[in-house]
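The data block below is target13.pdb; it holds PDB, C-alpha atoms and all ligand atoms.
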```pdb
ATOM      1  CA  MET H   1     -31.852 149.724 125.912
ATOM      2  CA  ALA H   2     -30.595 152.287 126.651
ATOM      3  CA  VAL H   3     -29.289 155.620 127.600
ATOM      4  CA  LYS H   4     -27.444 156.382 130.810
ATOM      5  CA  ILE H   5     -27.075 159.401 133.028
ATOM      6  CA  THR H   6     -23.541 160.499 133.820
ATOM      7  CA  ASP H   7     -22.123 162.064 136.953
ATOM      8  CA  ILE H   8     -22.544 165.606 135.684
ATOM      9  CA  CYS H   9     -26.281 165.275 136.395
ATOM     10  CA  ILE H  10     -27.428 168.136 138.612
ATOM     11  CA  ALA H  11     -30.515 166.226 139.811
ATOM     12  CA  CYS H  12     -32.844 168.906 138.461
ATOM     13  CA  GLY H  13     -35.682 166.484 137.731
ATOM     14  CA  ALA H  14     -36.450 167.690 134.203
ATOM     15  CA  CYS H  15     -36.083 164.242 132.648
ATOM     16  CA  ILE H  16     -38.061 161.986 134.926
ATOM     17  CA  ASP H  17     -41.576 162.899 133.849
ATOM     18  CA  GLU H  18     -40.602 162.797 130.167
ATOM     19  CA  CYS H  19     -39.902 159.076 130.196
ATOM     20  CA  PRO H  20     -42.795 157.114 128.638
ATOM     21  CA  VAL H  21     -41.789 153.864 130.339
ATOM     22  CA  GLU H  22     -40.806 155.125 133.799
ATOM     23  CA  ALA H  23     -37.231 153.947 133.393
ATOM     24  CA  ILE H  24     -35.765 156.899 135.311
ATOM     25  CA  VAL H  25     -35.489 157.186 139.083
ATOM     26  CA  ASP H  26     -34.306 160.140 141.121
ATOM     27  CA  ASP H  27     -31.192 160.437 143.247
ATOM     28  CA  ASP H  28     -33.020 159.125 146.321
ATOM     29  CA  ASP H  29     -33.846 155.896 144.508
ATOM     30  CA  ASN H  30     -30.575 155.535 142.576
ATOM     31  CA  PRO H  31     -29.483 151.920 143.187
ATOM     32  CA  THR H  32     -25.802 152.906 142.866
ATOM     33  CA  GLY H  33     -26.095 155.344 145.760
ATOM     34  CA  GLU H  34     -24.731 158.187 143.657
ATOM     35  CA  ASP H  35     -26.308 161.605 144.018
ATOM     36  CA  ILE H  36     -27.578 161.624 140.441
ATOM     37  CA  TYR H  37     -30.630 160.383 138.561
ATOM     38  CA  TYR H  38     -30.478 156.861 137.150
ATOM     39  CA  VAL H  39     -31.858 155.007 134.104
ATOM     40  CA  TYR H  40     -32.838 151.368 134.470
ATOM     41  CA  ALA H  41     -31.339 149.956 131.289
ATOM     42  CA  ASP H  42     -33.708 147.020 131.224
ATOM     43  CA  LYS H  43     -36.667 149.420 131.104
ATOM     44  CA  CYS H  44     -35.336 152.116 128.743
ATOM     45  CA  VAL H  45     -36.514 151.637 125.146
ATOM     46  CA  GLU H  46     -34.650 154.698 123.834
ATOM     47  CA  CYS H  47     -38.142 156.156 123.295
ATOM     48  CA  VAL H  48     -38.639 153.924 120.253
ATOM     49  CA  GLY H  49     -42.356 154.016 119.445
ATOM     50  CA  HIS H  50     -42.881 157.075 121.643
ATOM     51  CA  HIS H  51     -40.660 159.912 120.422
ATOM     52  CA  ASP H  52     -38.249 160.667 117.578
ATOM     53  CA  GLU H  53     -35.355 160.964 120.012
ATOM     54  CA  PRO H  54     -34.697 160.168 123.661
ATOM     55  CA  ALA H  55     -37.108 162.486 125.474
ATOM     56  CA  CYS H  56     -35.028 162.570 128.632
ATOM     57  CA  ALA H  57     -31.976 163.858 126.787
ATOM     58  CA  ALA H  58     -34.059 166.441 124.929
ATOM     59  CA  ALA H  59     -35.354 167.774 128.238
ATOM     60  CA  CYS H  60     -32.038 167.713 130.099
ATOM     61  CA  PRO H  61     -30.470 171.164 130.572
ATOM     62  CA  THR H  62     -27.027 169.720 131.300
ATOM     63  CA  GLU H  63     -25.192 169.312 128.019
ATOM     64  CA  GLY H  64     -23.705 165.862 127.580
ATOM     65  CA  CYS H  65     -25.295 164.464 130.716
ATOM     66  CA  ILE H  66     -27.355 161.726 129.069
ATOM     67  CA  VAL H  67     -25.333 159.475 126.790
ATOM     68  CA  TRP H  68     -25.756 156.292 124.786
ATOM     69  CA  SER H  69     -25.199 153.052 126.633
ATOM     70  CA  ASP H  70     -24.963 149.426 125.550
ATOM     71  CA  VAL H  71     -27.684 147.532 123.738
ATOM     72  CA  VAL H  72     -29.353 144.645 125.500
ATOM     73  CA  GLU H  73     -30.640 141.942 123.206
ATOM     74  CA  GLY H  74     -34.396 142.019 122.848
ATOM     75  CA  GLN H  75     -34.752 145.655 123.880
ATOM     76  CA  PRO H  76     -35.754 148.293 121.322
ATOM     77  CA  SER H  77     -32.867 150.522 120.285
ATOM     78  CA  ARG H  78     -32.014 153.188 117.755
ATOM     79  CA  ASP H  79     -29.462 151.158 115.843
ATOM     80  CA  GLU H  80     -29.252 153.644 113.024
ATOM     81  CA  ILE H  81     -28.453 156.508 115.380
ATOM     82  CA  GLY H  82     -26.820 155.114 118.432
ATOM     83  CA  ALA H  83     -24.793 152.180 117.124
ATOM     84  CA  ASP H  84     -21.656 154.148 116.366
ATOM     85  CA  LEU H  85     -22.037 156.386 119.377
ATOM     86  CA  ARG H  86     -22.107 153.812 122.148
ATOM     87  CA  LYS H  87     -18.352 153.397 122.408
ATOM     88  CA  GLY H  88     -17.882 156.429 124.645
ATOM     89  CA  ASP H  89     -19.839 158.976 126.570
ATOM     90  CA  THR H  90     -21.383 160.496 123.478
ATOM     91  CA  PRO H  91     -24.491 162.577 124.109
ATOM     92  CA  CYS H  92     -27.567 161.000 122.572
ATOM     93  CA  VAL H  93     -28.943 164.415 121.640
ATOM     94  CA  GLU H  94     -26.526 166.932 120.178
TER      95      GLU H  94
HETATM   96  S1  LIG P   1     -34.497 157.336 126.308
HETATM   97 FE1  LIG P   1     -36.728 157.440 126.554
HETATM   98  S2  LIG P   1     -37.254 155.416 127.420
HETATM   99 FE2  LIG P   1     -35.049 155.730 127.785
HETATM  100  S3  LIG P   1     -34.884 156.662 129.798
HETATM  101 FE3  LIG P   1     -34.920 158.327 128.288
HETATM  102  S4  LIG P   1     -37.082 158.936 128.172
HETATM  103 FE4  LIG P   1     -37.008 156.888 129.143
HETATM  104  S1  LIG P   2     -32.642 166.380 133.305
HETATM  105 FE1  LIG P   2     -30.436 165.911 133.199
HETATM  106  S2  LIG P   2     -29.498 167.056 134.909
HETATM  107 FE2  LIG P   2     -31.717 166.991 135.277
HETATM  108  S3  LIG P   2     -32.033 165.161 136.576
HETATM  109 FE3  LIG P   2     -32.293 164.482 134.461
HETATM  110  S4  LIG P   2     -30.263 163.759 133.805
HETATM  111 FE4  LIG P   2     -29.967 164.987 135.655
END
```
So that I can check it, write out the structure of this file as structure tokens.
Amino acid sequence: MAVKITDICIACGACIDECPVEAIVDDDDNPTGEDIYYVYADKCVECVGHHDEPACAAACPTEGCIVWSDVVEGQPSRDEIGADLRKGDTPCVE
């Protein structure tokens, strides 16, 4: 775990098919009820083993929309990249 999608998401759909582990759901299926896409943190592997960077963030046209979230023990994470960036809403792809 994980990245998260912030409320500046425009629900364009560019990220959802990029996720190799189907961790992203659209606004209709967002469990928070917000009108934005959503990342299931317990499914997101930060694209470790799939891509060099989070593919969703690379595809997202909305700058700063996808940010680092907290690490869940046992989930793959990009410690070397994300560790110092998880304290705020720091984009995971600059
Ligand atoms: S970082 Fe990778 S695994 Fe996580 S939600 Fe984005 S595309 Fe899916
Ligand atoms: S690509 Fe970005 S703006 Fe588009 S739905 Fe995904 S998170 Fe939202």
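Among the candidates H:Asp89, H:Asp27, H:Asp70, H:Asp52, the residue lying nearest to Cys9 in chain H is H:Asp27 (atoms considered: only C-alpha atoms).
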**Request:** Grab me every residue within 10 Å of ligand LIG 2 (chain P), counting only C-alpha atoms and all ligand atoms, and send it over as a ChimeraX atom specification.
**Result:** /H:4-18,24-27,35-39,55-67
Would you export the selected residues with C-alpha atoms as a PDB file, keeping the file's coordinate frame, please?
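Final output, again_15.pdb:
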```pdb
ATOM      1  CA  LYS H   4     -27.444 156.382 130.810  1.00  0.00           C
ATOM      2  CA  ILE H   5     -27.075 159.401 133.028  1.00  0.00           C
ATOM      3  CA  THR H   6     -23.541 160.499 133.820  1.00  0.00           C
ATOM      4  CA  ASP H   7     -22.123 162.064 136.953  1.00  0.00           C
ATOM      5  CA  ILE H   8     -22.544 165.606 135.684  1.00  0.00           C
ATOM      6  CA  CYS H   9     -26.281 165.275 136.395  1.00  0.00           C
ATOM      7  CA  ILE H  10     -27.428 168.136 138.612  1.00  0.00           C
ATOM      8  CA  ALA H  11     -30.515 166.226 139.811  1.00  0.00           C
ATOM      9  CA  CYS H  12     -32.844 168.906 138.461  1.00  0.00           C
ATOM     10  CA  GLY H  13     -35.682 166.484 137.731  1.00  0.00           C
ATOM     11  CA  ALA H  14     -36.450 167.690 134.203  1.00  0.00           C
ATOM     12  CA  CYS H  15     -36.083 164.242 132.648  1.00  0.00           C
ATOM     13  CA  ILE H  16     -38.061 161.986 134.926  1.00  0.00           C
ATOM     14  CA  ASP H  17     -41.576 162.899 133.849  1.00  0.00           C
ATOM     15  CA  GLU H  18     -40.602 162.797 130.167  1.00  0.00           C
ATOM     16  CA  ILE H  24     -35.765 156.899 135.311  1.00  0.00           C
ATOM     17  CA  VAL H  25     -35.489 157.186 139.083  1.00  0.00           C
ATOM     18  CA  ASP H  26     -34.306 160.140 141.121  1.00  0.00           C
ATOM     19  CA  ASP H  27     -31.192 160.437 143.247  1.00  0.00           C
ATOM     20  CA  ASP H  35     -26.308 161.605 144.018  1.00  0.00           C
ATOM     21  CA  ILE H  36     -27.578 161.624 140.441  1.00  0.00           C
ATOM     22  CA  TYR H  37     -30.630 160.383 138.561  1.00  0.00           C
ATOM     23  CA  TYR H  38     -30.478 156.861 137.150  1.00  0.00           C
ATOM     24  CA  VAL H  39     -31.858 155.007 134.104  1.00  0.00           C
ATOM     25  CA  ALA H  55     -37.108 162.486 125.474  1.00  0.00           C
ATOM     26  CA  CYS H  56     -35.028 162.570 128.632  1.00  0.00           C
ATOM     27  CA  ALA H  57     -31.976 163.858 126.787  1.00  0.00           C
ATOM     28  CA  ALA H  58     -34.059 166.441 124.929  1.00  0.00           C
ATOM     29  CA  ALA H  59     -35.354 167.774 128.238  1.00  0.00           C
ATOM     30  CA  CYS H  60     -32.038 167.713 130.099  1.00  0.00           C
ATOM     31  CA  PRO H  61     -30.470 171.164 130.572  1.00  0.00           C
ATOM     32  CA  THR H  62     -27.027 169.720 131.300  1.00  0.00           C
ATOM     33  CA  GLU H  63     -25.192 169.312 128.019  1.00  0.00           C
ATOM     34  CA  GLY H  64     -23.705 165.862 127.580  1.00  0.00           C
ATOM     35  CA  CYS H  65     -25.295 164.464 130.716  1.00  0.00           C
ATOM     36  CA  ILE H  66     -27.355 161.726 129.069  1.00  0.00           C
ATOM     37  CA  VAL H  67     -25.333 159.475 126.790  1.00  0.00           C
TER      38      VAL H  67
END
```
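Distances from H:Gly33, H:Pro20, H:Gly74, H:Gly88 to ligand LIG 1 (chain P) were compared using all atoms listed in the file, and the smallest one belongs to H:Pro20.
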If I wrap all listed atoms of ligand LIG 1 (chain P) in a box with edges along x, y and z and add 5 Å on each side, what are its centre and edge lengths in Å to one decimal, as JSON?
```
{"center_x": -35.9, "center_y": 157.2, "center_z": 128.1, "size_x": 12.8, "size_y": 13.5, "size_z": 13.5}
```
**Item:** For Asp79 in chain H: contacts at 12 Å, all atoms listed in the file, fewer than 6 positions along chain excluded, given as a VMD selection string
**Value:** chain H and resid 1 to 2 45 to 46 48 68 to 73 85 to 86
**Message:** When you count only C-alpha atoms and all ligand atoms, which of these residues is closest to ligand LIG 1 (chain P): H:Val93, H:Cys47, H:Ala41, H:Ile81?
**Reply:** H:Cys47
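The nearest approach to ligand LIG 1 (chain P) among the residues H:Asp42, H:Glu94, H:Asp28, H:Glu22, with all atoms listed in the file taken into account, belongs to H:Glu22.
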**Complete:** Between H:Pro76, H:Glu34, H:Val3, H:Gly49, smallest distance to ligand LIG 1 (chain P) by all atoms listed in the file belongs to H:Val3
**Message:** Between H:His50, H:Glu80, H:Cys44, H:Gln75, which residue has the minimum interatomic distance to ligand LIG 1 (chain P), considering all atoms listed in the file?
**Reply:** H:Cys44
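Rounded to one decimal, atom S2 of ligand LIG 1 (chain P) and CA of Pro54 in chain H lie 6.6 Å from each other.
The space between atom S2 of ligand LIG 1 (chain P) and CA of Ala83 in chain H spans 16.5 Å.
Relative to CA of Pro31 in chain H, CA of Pro91 in chain H is found at 22.4 Å.
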Please rebuild range 49-67 of chain H with N, CA and C atoms and give the result as a CSV table (one decimal), in the coordinates of the input.
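Printed below is part31.csv as written:
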```csv
chain,number,residue,atom,x,y,z
H,49,GLY,N,-40.9,154.2,119.4
H,49,GLY,CA,-42.4,154.0,119.4
H,49,GLY,C,-43.1,155.1,120.2
H,50,HIS,N,-42.3,156.0,120.8
H,50,HIS,CA,-42.9,157.1,121.6
H,50,HIS,C,-42.5,158.5,121.1
H,51,HIS,N,-41.2,158.6,120.9
H,51,HIS,CA,-40.7,159.9,120.4
H,51,HIS,C,-39.6,159.7,119.4
H,52,ASP,N,-39.3,160.8,118.6
H,52,ASP,CA,-38.2,160.7,117.6
H,52,ASP,C,-36.8,160.6,118.1
H,53,GLU,N,-36.7,161.0,119.4
H,53,GLU,CA,-35.4,161.0,120.0
H,53,GLU,C,-35.6,160.7,121.5
H,54,PRO,N,-34.5,160.4,122.2
H,54,PRO,CA,-34.7,160.2,123.7
H,54,PRO,C,-35.2,161.4,124.4
H,55,ALA,N,-36.4,161.3,124.9
H,55,ALA,CA,-37.1,162.5,125.5
H,55,ALA,C,-36.4,163.0,126.7
H,56,CYS,N,-35.8,162.1,127.4
H,56,CYS,CA,-35.0,162.6,128.6
H,56,CYS,C,-33.9,163.5,128.2
H,57,ALA,N,-33.1,163.1,127.2
H,57,ALA,CA,-32.0,163.9,126.8
H,57,ALA,C,-32.4,165.2,126.2
H,58,ALA,N,-33.6,165.2,125.5
H,58,ALA,CA,-34.1,166.4,124.9
H,58,ALA,C,-34.4,167.4,126.0
H,59,ALA,N,-34.9,166.9,127.1
H,59,ALA,CA,-35.4,167.8,128.2
H,59,ALA,C,-34.2,168.2,129.2
H,60,CYS,N,-33.1,167.5,129.1
H,60,CYS,CA,-32.0,167.7,130.1
H,60,CYS,C,-31.3,169.0,129.8
H,61,PRO,N,-31.2,169.9,130.8
H,61,PRO,CA,-30.5,171.2,130.6
H,61,PRO,C,-28.9,171.0,130.7
H,62,THR,N,-28.5,169.9,131.1
H,62,THR,CA,-27.0,169.7,131.3
H,62,THR,C,-26.4,169.0,130.1
H,63,GLU,N,-25.7,169.8,129.3
H,63,GLU,CA,-25.2,169.3,128.0
H,63,GLU,C,-24.3,168.1,128.2
H,64,GLY,N,-24.6,167.0,127.5
H,64,GLY,CA,-23.7,165.9,127.6
H,64,GLY,C,-24.0,165.0,128.8
H,65,CYS,N,-25.0,165.2,129.5
H,65,CYS,CA,-25.3,164.5,130.7
H,65,CYS,C,-25.9,163.1,130.4
H,66,ILE,N,-26.7,163.0,129.4
H,66,ILE,CA,-27.4,161.7,129.1
H,66,ILE,C,-26.7,161.2,127.8
H,67,VAL,N,-26.1,160.0,127.9
H,67,VAL,CA,-25.3,159.5,126.8
H,67,VAL,C,-25.9,158.1,126.4
```
